[in-house]
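Enquirer: Handing over run20.txt, compact mmCIF, C-alpha atoms.
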```txt
# COMPACT_ATOMS: atom_id res chain seq x y z
CA MET A 17 -53.77 87.94 -121.44
CA ALA A 18 -52.41 91.42 -121.90
CA THR A 19 -54.55 94.30 -123.00
CA GLU A 20 -53.61 97.87 -123.53
CA ALA A 21 -55.73 100.86 -124.09
CA THR A 22 -55.10 104.49 -124.75
CA THR A 23 -58.43 106.14 -124.87
CA ASP A 24 -59.98 109.48 -124.17
CA VAL A 25 -63.33 107.80 -124.23
CA GLN A 26 -64.23 105.74 -121.25
CA LYS A 27 -66.97 103.28 -120.85
CA ALA A 28 -69.17 104.47 -118.07
CA GLU A 29 -69.67 101.88 -115.37
CA THR A 30 -72.73 100.05 -116.47
CA ALA A 31 -74.79 100.25 -113.36
CA ASN A 32 -76.50 97.11 -112.30
CA VAL A 33 -80.00 98.23 -111.52
CA ALA A 34 -82.44 96.73 -109.15
CA THR A 35 -85.74 96.85 -110.97
CA ALA A 36 -88.75 97.38 -108.79
CA PRO A 37 -90.76 94.35 -109.92
CA GLU A 38 -88.36 91.47 -110.14
CA GLN A 39 -87.52 90.11 -113.56
CA THR A 40 -88.62 86.68 -114.59
CA ARG A 41 -85.44 86.16 -116.58
CA THR A 42 -82.16 85.64 -114.88
CA GLY A 43 -79.06 87.53 -115.88
CA PRO A 44 -77.75 90.99 -115.27
CA VAL A 45 -79.84 94.10 -115.87
CA TYR A 46 -78.10 97.26 -117.04
CA SER A 47 -79.08 100.84 -117.19
CA PRO A 48 -78.28 102.11 -120.68
CA ALA A 49 -76.46 105.43 -121.08
CA VAL A 50 -78.81 108.05 -122.49
CA ASP A 51 -78.79 111.55 -123.89
CA ILE A 52 -82.02 113.48 -123.51
CA PHE A 53 -82.66 116.87 -125.01
CA GLU A 54 -85.63 118.87 -126.10
CA ASN A 55 -86.59 121.76 -128.25
CA ASP A 56 -89.92 123.52 -128.44
CA ASN A 57 -91.63 120.67 -130.30
CA THR A 58 -89.95 117.42 -129.39
CA ILE A 59 -88.20 115.57 -126.62
CA THR A 60 -85.50 113.32 -128.05
CA LEU A 61 -83.94 110.40 -126.23
CA LEU A 62 -80.85 108.56 -127.44
CA ALA A 63 -79.88 105.34 -125.69
CA ASP A 64 -76.86 103.07 -126.17
CA MET A 65 -78.05 99.48 -126.31
CA PRO A 66 -75.34 97.46 -128.05
CA GLY A 67 -76.41 94.01 -129.15
CA VAL A 68 -80.13 94.68 -129.05
CA LYS A 69 -82.09 93.87 -132.21
CA ALA A 70 -85.19 95.85 -133.09
CA SER A 71 -87.34 92.79 -132.40
CA ASP A 72 -85.97 92.47 -128.87
CA LEU A 73 -86.65 96.06 -127.89
CA GLU A 74 -89.79 97.09 -126.06
CA ILE A 75 -90.83 100.67 -125.59
CA ASP A 76 -93.79 101.23 -123.35
CA LEU A 77 -95.46 104.47 -122.40
CA ARG A 78 -98.30 104.54 -119.95
CA GLU A 79 -99.37 107.06 -117.36
CA ASN A 80 -96.39 109.27 -118.12
CA VAL A 81 -93.90 106.49 -117.41
CA LEU A 82 -91.68 105.56 -120.31
CA THR A 83 -90.11 102.11 -120.03
CA LEU A 84 -87.30 100.85 -122.25
CA THR A 85 -86.45 97.15 -122.21
CA GLY A 86 -83.89 95.65 -124.57
CA ARG A 87 -82.76 92.05 -124.48
CA VAL A 88 -79.43 90.85 -125.75
CA THR A 89 -79.06 87.34 -127.07
CA PRO A 90 -75.56 86.12 -126.19
CA ALA A 91 -73.41 85.71 -129.30
CA GLY A 92 -71.28 82.69 -130.05
CA THR A 93 -71.69 78.97 -129.95
CA ALA A 94 -71.48 76.41 -127.17
CA LYS A 95 -68.12 75.24 -128.46
CA GLU A 96 -66.41 78.50 -127.57
CA TRP A 97 -64.75 79.12 -124.25
CA ASN A 98 -63.75 82.42 -122.67
CA VAL A 99 -60.33 83.97 -123.01
CA LEU A 100 -61.19 87.46 -121.79
CA ARG A 101 -64.47 88.76 -120.51
CA GLU A 102 -65.12 92.43 -120.01
CA TYR A 103 -68.84 92.61 -120.54
CA ARG A 104 -71.71 90.26 -119.96
CA PRO A 105 -74.77 90.23 -122.17
CA GLY A 106 -77.89 91.08 -120.25
CA THR A 107 -81.01 93.17 -120.35
CA PHE A 108 -81.09 96.93 -120.72
CA PHE A 109 -83.80 98.47 -118.62
CA ARG A 110 -84.61 102.06 -117.77
CA GLN A 111 -87.67 104.05 -116.85
CA PHE A 112 -88.39 107.74 -117.13
CA THR A 113 -91.24 109.87 -115.90
CA LEU A 114 -92.30 112.38 -118.48
CA SER A 115 -93.30 115.70 -117.08
CA GLU A 116 -95.02 116.88 -120.21
CA ALA A 117 -97.82 115.46 -122.25
CA VAL A 118 -96.59 113.57 -125.30
CA ASP A 119 -98.44 113.09 -128.54
CA GLN A 120 -98.48 109.31 -128.34
CA PRO A 121 -99.46 108.34 -131.91
CA LYS A 122 -96.62 110.46 -133.29
CA ILE A 123 -93.84 108.84 -131.27
CA ASP A 124 -91.03 107.74 -133.54
CA ALA A 125 -88.45 105.12 -132.59
CA GLN A 126 -85.45 104.08 -134.60
CA LEU A 127 -82.74 101.59 -133.66
CA THR A 128 -79.51 101.90 -135.62
CA ASP A 129 -76.25 100.12 -134.80
CA GLY A 130 -77.23 99.63 -131.18
CA VAL A 131 -78.40 103.19 -130.61
CA LEU A 132 -82.07 103.93 -130.02
CA ARG A 133 -83.40 107.29 -131.12
CA LEU A 134 -86.79 108.03 -129.67
CA GLU A 135 -88.62 111.18 -130.64
CA LEU A 136 -91.50 112.18 -128.44
CA PRO A 137 -93.47 115.06 -129.94
CA LYS A 138 -95.11 117.32 -127.40
CA VAL A 139 -98.83 117.85 -127.68
CA GLU A 140 -99.93 121.20 -129.02
CA LYS A 141 -101.02 122.69 -125.76
CA ALA A 142 -97.76 121.95 -124.03
CA ARG A 143 -95.77 124.00 -126.49
CA PRO A 144 -94.82 127.50 -125.43
CA ARG A 145 -96.82 130.11 -127.20
CA GLN A 146 -95.47 133.43 -128.13
CA ILE A 147 -97.79 136.05 -126.69
CA THR A 148 -97.68 139.39 -128.25
CA VAL A 149 -98.71 142.30 -126.14
CA ARG A 150 -100.73 144.77 -128.02
CA SER A 151 -100.64 148.34 -127.08
CA SER A 152 -103.85 150.17 -127.23
CA MET B 9 -58.65 82.59 -116.93
CA LEU B 10 -56.80 79.80 -118.58
CA VAL B 11 -54.85 79.11 -115.41
CA ARG B 12 -58.03 78.68 -113.47
CA ARG B 13 -59.35 76.16 -115.95
CA VAL B 14 -56.45 73.79 -115.62
CA TRP B 15 -55.49 74.36 -112.01
CA PRO B 16 -57.68 72.05 -109.93
CA SER B 17 -56.40 68.96 -111.66
CA ARG B 18 -52.76 70.03 -111.59
CA PRO B 19 -50.69 68.36 -108.90
CA THR B 20 -48.13 70.37 -106.98
CA PHE B 21 -44.71 68.96 -106.37
CA ASP B 22 -43.16 71.66 -104.25
CA GLY B 23 -43.48 73.37 -100.88
CA SER B 24 -46.40 74.28 -98.71
CA PHE B 25 -46.61 77.86 -100.01
CA HIS B 26 -47.93 76.43 -103.18
CA ASP B 27 -50.72 74.79 -101.27
CA PHE B 28 -51.92 78.13 -99.99
CA ASP B 29 -51.82 79.45 -103.49
CA GLN B 30 -53.78 76.48 -104.70
CA ILE B 31 -56.45 77.00 -102.05
CA ARG B 32 -56.69 80.67 -102.97
CA ARG B 33 -57.04 79.84 -106.64
CA GLU B 34 -59.57 77.17 -105.93
CA MET B 35 -61.66 79.64 -103.96
CA LEU B 36 -61.40 82.19 -106.75
CA ARG B 37 -62.53 79.56 -109.17
CA LEU B 38 -65.53 78.73 -107.03
CA LEU B 39 -66.42 82.39 -106.73
CA ASP B 40 -66.13 82.68 -110.48
CA ALA B 41 -68.38 79.67 -110.95
CA ALA B 42 -70.92 81.26 -108.61
CA GLY B 43 -71.45 83.66 -111.50
CA ASP B 44 -72.81 87.13 -111.16
CA GLY B 45 -70.84 88.01 -108.06
CA ALA B 46 -67.51 87.98 -109.86
CA PRO B 47 -66.50 91.35 -111.25
CA ASP B 48 -65.79 91.56 -114.95
CA GLN B 49 -62.33 92.62 -115.96
CA GLY B 50 -61.68 95.97 -117.54
CA ALA B 51 -64.58 98.07 -116.33
CA GLY B 52 -64.18 101.64 -117.47
CA VAL B 53 -62.31 100.77 -120.67
CA PHE B 54 -63.92 101.59 -123.98
CA PRO B 55 -64.87 99.57 -125.89
CA PRO B 56 -65.44 96.58 -123.59
CA MET B 57 -64.37 93.37 -125.33
CA ASN B 58 -65.08 89.70 -124.92
CA ILE B 59 -62.73 87.17 -126.44
CA THR B 60 -63.57 83.51 -126.85
CA GLN B 61 -61.95 80.69 -128.73
CA ASP B 62 -62.78 77.33 -130.20
CA ASP B 63 -60.36 74.87 -131.76
CA ASP B 64 -59.92 76.87 -134.95
CA ASN B 65 -60.62 80.52 -134.22
CA PHE B 66 -60.56 83.32 -131.74
CA TYR B 67 -63.66 85.50 -131.60
CA LEU B 68 -63.36 89.06 -130.41
CA ARG B 69 -66.57 90.95 -129.73
CA ALA B 70 -66.64 94.60 -128.74
CA GLU B 71 -69.56 96.80 -127.74
CA ILE B 72 -69.19 99.94 -129.85
CA PRO B 73 -72.69 101.32 -130.42
CA GLY B 74 -73.40 103.95 -133.04
CA ILE B 75 -70.19 104.30 -135.01
CA ASN B 76 -69.43 104.33 -138.69
CA PRO B 77 -67.61 101.02 -139.29
CA ALA B 78 -65.63 102.61 -142.12
CA GLU B 79 -63.85 104.75 -139.56
CA LEU B 80 -62.64 101.80 -137.52
CA SER B 81 -59.06 100.77 -137.95
CA ILE B 82 -58.35 97.13 -137.18
CA SER B 83 -54.98 95.48 -137.51
CA ALA B 84 -53.57 92.07 -136.70
CA LEU B 85 -49.96 90.98 -136.61
CA ARG B 86 -48.85 87.60 -135.29
CA ASN B 87 -50.71 87.31 -131.97
CA ARG B 88 -51.55 90.97 -131.59
CA VAL B 89 -54.80 92.65 -132.55
CA SER B 90 -55.54 96.33 -132.26
CA ILE B 91 -58.71 98.29 -132.76
CA SER B 92 -58.84 102.04 -132.92
CA GLY B 93 -61.40 104.57 -133.96
CA LYS B 94 -63.41 107.46 -132.84
CA ARG B 95 -66.90 107.64 -131.55
CA GLU B 96 -68.54 110.89 -132.48
CA ILE B 97 -71.99 111.92 -131.45
CA PRO B 98 -73.37 114.27 -134.07
CA ARG B 99 -74.38 117.69 -132.82
CA GLU B 100 -78.05 118.49 -132.91
CA HIS B 101 -78.54 121.44 -135.19
CA GLU B 102 -81.64 122.94 -133.74
CA ARG B 103 -81.69 124.93 -130.59
CA VAL B 104 -81.99 122.24 -127.97
CA SER B 105 -81.52 122.08 -124.25
CA TYR B 106 -79.90 118.98 -122.81
CA HIS B 107 -81.31 117.24 -119.77
CA ARG B 108 -78.90 114.33 -119.74
CA LYS B 109 -75.69 113.63 -121.55
CA GLU B 110 -74.30 110.27 -120.52
CA ARG B 111 -73.22 108.61 -123.75
CA PRO B 112 -69.44 108.49 -124.07
CA GLU B 113 -67.60 109.88 -127.09
CA GLY B 114 -64.03 110.36 -128.20
CA ALA B 115 -61.10 108.47 -129.68
CA PHE B 116 -60.14 104.99 -128.54
CA ASN B 117 -57.32 102.58 -129.16
CA ARG B 118 -57.09 99.10 -127.75
CA ALA B 119 -54.56 96.34 -128.33
CA VAL B 120 -54.77 92.74 -127.19
CA THR B 121 -52.18 89.99 -127.16
CA LEU B 122 -53.77 86.65 -127.88
CA PRO B 123 -52.43 83.38 -126.47
CA THR B 124 -51.39 82.13 -129.93
CA GLU B 125 -50.67 83.53 -133.36
CA VAL B 126 -53.45 84.19 -135.82
CA ASP B 127 -53.64 84.14 -139.59
CA ALA B 128 -53.88 87.89 -140.21
CA GLU B 129 -54.79 87.40 -143.89
CA ARG B 130 -58.03 85.62 -143.04
CA VAL B 131 -59.39 87.84 -140.27
CA ASP B 132 -63.07 88.57 -140.77
CA ALA B 133 -64.70 91.67 -139.28
CA ARG B 134 -68.40 92.41 -139.03
CA TYR B 135 -70.38 95.18 -137.43
CA ALA B 136 -74.01 94.69 -136.51
CA ASP B 137 -76.34 96.08 -133.83
CA GLY B 138 -73.48 98.07 -132.33
CA ILE B 139 -71.27 95.02 -131.83
CA LEU B 140 -68.02 94.53 -133.69
CA THR B 141 -67.20 90.85 -134.20
CA LEU B 142 -63.78 89.73 -135.35
CA LYS B 143 -63.17 86.14 -136.33
CA LEU B 144 -59.46 85.45 -136.09
CA PRO B 145 -58.40 82.06 -137.48
CA LYS B 146 -55.57 80.51 -135.53
CA ALA B 147 -52.34 80.02 -137.42
CA GLU B 148 -51.87 76.44 -138.66
CA GLN B 149 -48.95 75.75 -136.33
CA ALA B 150 -50.94 76.96 -133.33
CA LYS B 151 -53.90 74.62 -133.79
CA PRO B 152 -54.30 71.71 -131.43
CA ARG B 153 -53.56 68.31 -132.98
CA GLN B 154 -55.20 65.03 -132.26
CA ILE B 155 -52.60 62.51 -131.32
CA SER B 156 -53.46 58.91 -131.83
CA VAL B 157 -51.96 56.37 -129.49
CA LYS B 158 -50.32 53.41 -131.17
CA THR B 159 -50.74 50.06 -129.58
```
Go ahead and render the structure in this file as structure tokens.
Expert:
Amino acid sequence: MATEATTDVQKAETANVATAPEQTRTGPVYSPAVDIFENDNTITLLADMPGVKASDLEIDLRENVLTLTGRVTPAGTAKEWNVLREYRPGTFFRQFTLSEAVDQPKIDAQLTDGVLRLELPKVEKARPRQITVRSS
Amino acid sequence: MLVRRVWPSRPTFDGSFHDFDQIRREMLRLLDAAGDGAPDQGAGVFPPMNITQDDDNFYLRAEIPGINPAELSISALRNRVSISGKREIPREHERVSYHRKERPEGAFNRAVTLPTEVDAERVDARYADGILTLKLPKAEQAKPRQISVKT
């Protein structure tokens, strides 16, 4: 089996994570790669979860801890045997602690082509307010 | 991989060095069978690919989340398949401050040599949930044949 690759993009080592409470399912657990950015109104999180269907993705937010769990159903049939294996289907799992209050009912999640886009709107009072100083 | 599948039942006819090799291979095979401890090949290469086969087809699956499938270029010739494309992460227009930026982006190009030739005309490519799946039918002359024993 010979493979060649000329790439400027590299797959980051998918870290095997030890989750604090042990999982009931066997199989590897991966930490998905994420981008997180915010503006004045919203915190946006993008996560790479290839192979996860919307129905197999759980997003949980309680007590400021955001938990993402995505399960991948292995593709293929029992009749197939391996020729080359570079990745192993498993579970994507990652937790974040949110430092700011989030407007929970307005959270928007979208899963497109294996990428999760999660928009967490900040609650009004957490937004910075422009304070104008009046001169008397 | 293939070597490890057939090895344990293969007799050796020559010298003792081969025996050492056989023991080493056998141990590797056992480690592999033990499962999760064995490292996967090709860590750090994008996109990671899995290739499987059944009697009629090869199946190539690659984890390429969040790309436009129209921008992928896939070609197959004899027993060689190549996939190239570019993963671009769109810029956020608004003024934003990044806390984490881990998702990889850039151009990639991978080529694989399969054990046998494939019928390039009938290759089927699908992209769903961030996984590219290629179904590569084996060429007629490369398919295994049932041989009946005459009595």
Enquirer: If you measure from CA of Ser92 in chain B to CA of Ser47 in chain A, what distance in Å do you get, rounded to one decimal?
Expert: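 Here the two named atoms are 25.7 Å from each other.
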Enquirer: Check the smallest atom-to-atom distance from each of A:Gln146, A:Ser151, A:Thr60, A:Ser71 to Ile123 in chain A using all atoms listed in the file, then report the winner.
Expert: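 So, comparing all the options, the nearest one is A:Thr60.
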Enquirer: Excluding same-chain residues fewer than 4 positions from Arg104 in chain A, what lies within 9 Å of it counting only C-alpha atoms, as a ChimeraX atom specification?
Expert: /A:43-44,90 /B:48,58
Enquirer: Which residues of chain B sit at most 8 Å from chain A, using only C-alpha atoms? Give each one's shortest atom pair and distance in Å (one decimal place), in chain and ascending residue order, as a tab-separated table.
Expert:
```
residue	atom	partner	partner_atom	distance
B:Met9	CA	A:Val99	CA	6.5
B:Leu10	CA	A:Val99	CA	7.0
B:Asp44	CA	A:Pro44	CA	7.5
B:Asp48	CA	A:Glu102	CA	5.2
B:Gln49	CA	A:Glu102	CA	4.9
B:Gly50	CA	A:Glu102	CA	5.5
B:Ala51	CA	A:Glu29	CA	6.4
B:Gly52	CA	A:Lys27	CA	4.7
B:Val53	CA	A:Lys27	CA	5.3
B:Phe54	CA	A:Lys27	CA	4.7
B:Pro55	CA	A:Lys27	CA	6.6
B:Pro56	CA	A:Glu102	CA	5.5
B:Met57	CA	A:Glu102	CA	5.5
B:Asn58	CA	A:Arg101	CA	4.6
B:Ile59	CA	A:Leu100	CA	4.9
B:Thr60	CA	A:Asn98	CA	4.3
B:Gln61	CA	A:Glu96	CA	5.1
B:Asp62	CA	A:Glu96	CA	4.6
B:Glu71	CA	A:Pro66	CA	5.8
B:Ile72	CA	A:Pro66	CA	6.9
B:Pro73	CA	A:Gly130	CA	4.9
B:Gly74	CA	A:Asp129	CA	5.1
B:Ile75	CA	A:Asp129	CA	7.4
B:Glu102	CA	A:Asn55	CA	7.5
B:Arg103	CA	A:Asn55	CA	6.3
B:Val104	CA	A:Asn55	CA	4.6
B:Ser105	CA	A:Phe53	CA	5.4
B:Tyr106	CA	A:Phe53	CA	4.1
B:His107	CA	A:Ile52	CA	5.4
B:Arg108	CA	A:Ile52	CA	5.0
B:Lys109	CA	A:Asp51	CA	4.4
B:Glu110	CA	A:Ala49	CA	5.3
B:Arg111	CA	A:Ala49	CA	5.3
B:Pro112	CA	A:Val25	CA	6.2
B:Glu113	CA	A:Val25	CA	5.5
B:Gly114	CA	A:Val25	CA	4.8
B:Ala115	CA	A:Asp24	CA	5.7
B:Phe116	CA	A:Thr23	CA	4.2
B:Asn117	CA	A:Thr22	CA	5.3
B:Arg118	CA	A:Ala21	CA	4.3
B:Ala119	CA	A:Glu20	CA	5.1
B:Val120	CA	A:Thr19	CA	4.5
B:Thr121	CA	A:Ala18	CA	5.5
B:Leu122	CA	A:Met17	CA	6.6
B:Pro123	CA	A:Met17	CA	6.9
B:Ala136	CA	A:Asp129	CA	6.1
B:Asp137	CA	A:Asp129	CA	4.2
B:Gly138	CA	A:Gly130	CA	4.2
B:Ile139	CA	A:Gly67	CA	5.9
```
Enquirer: Please indicate the distance in Å from CA of Arg133 in chain A to CA of Ile82 in chain B, rounded to one decimal place.
Expert: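 CA of Ile82 in chain B lies at a distance of 27.7 Å from CA of Arg133 in chain A.
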Enquirer: Quote the spacing between CA of Pro105 in chain A and CA of Arg78 in chain A in Å to one decimal place.
Expert: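 Value for the CA of Pro105 in chain A-CA of Arg78 in chain A distance: 27.6 Å.
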Enquirer: Taking into account only C-alpha atoms, which residue in the set A:Arg150, A:Asn80, A:Thr42, A:Gly86 is nearest to Ala117 in chain A?
Expert: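 Using only C-alpha atoms, the shortest distance to Ala117 in chain A belongs to A:Asn80.
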Enquirer: Could you check the closest approach to Asp127 in chain B for each of B:Arg69, B:Arg86, B:Arg95, B:Arg153 and tell me which residue wins, using all atoms listed in the file?
Expert: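 Comparing B:Arg69, B:Arg86, B:Arg95, B:Arg153 against Asp127 in chain B, the winner is B:Arg86.
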Enquirer: Name the closest residue to Phe112 in chain A among the candidates A:Ser152, A:Thr89, A:Lys138, A:Asp76; distances are taken between atoms, counting all atoms listed in the file.
Expert: A:Asp76
Enquirer: Using only C-alpha atoms, which of B:Pro77, B:Asp64, B:Leu36, B:Ser90 sits nearest Arg134 in chain B?
Expert: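 When distances to Arg134 in chain B are compared using only C-alpha atoms, the smallest one comes from B:Pro77.
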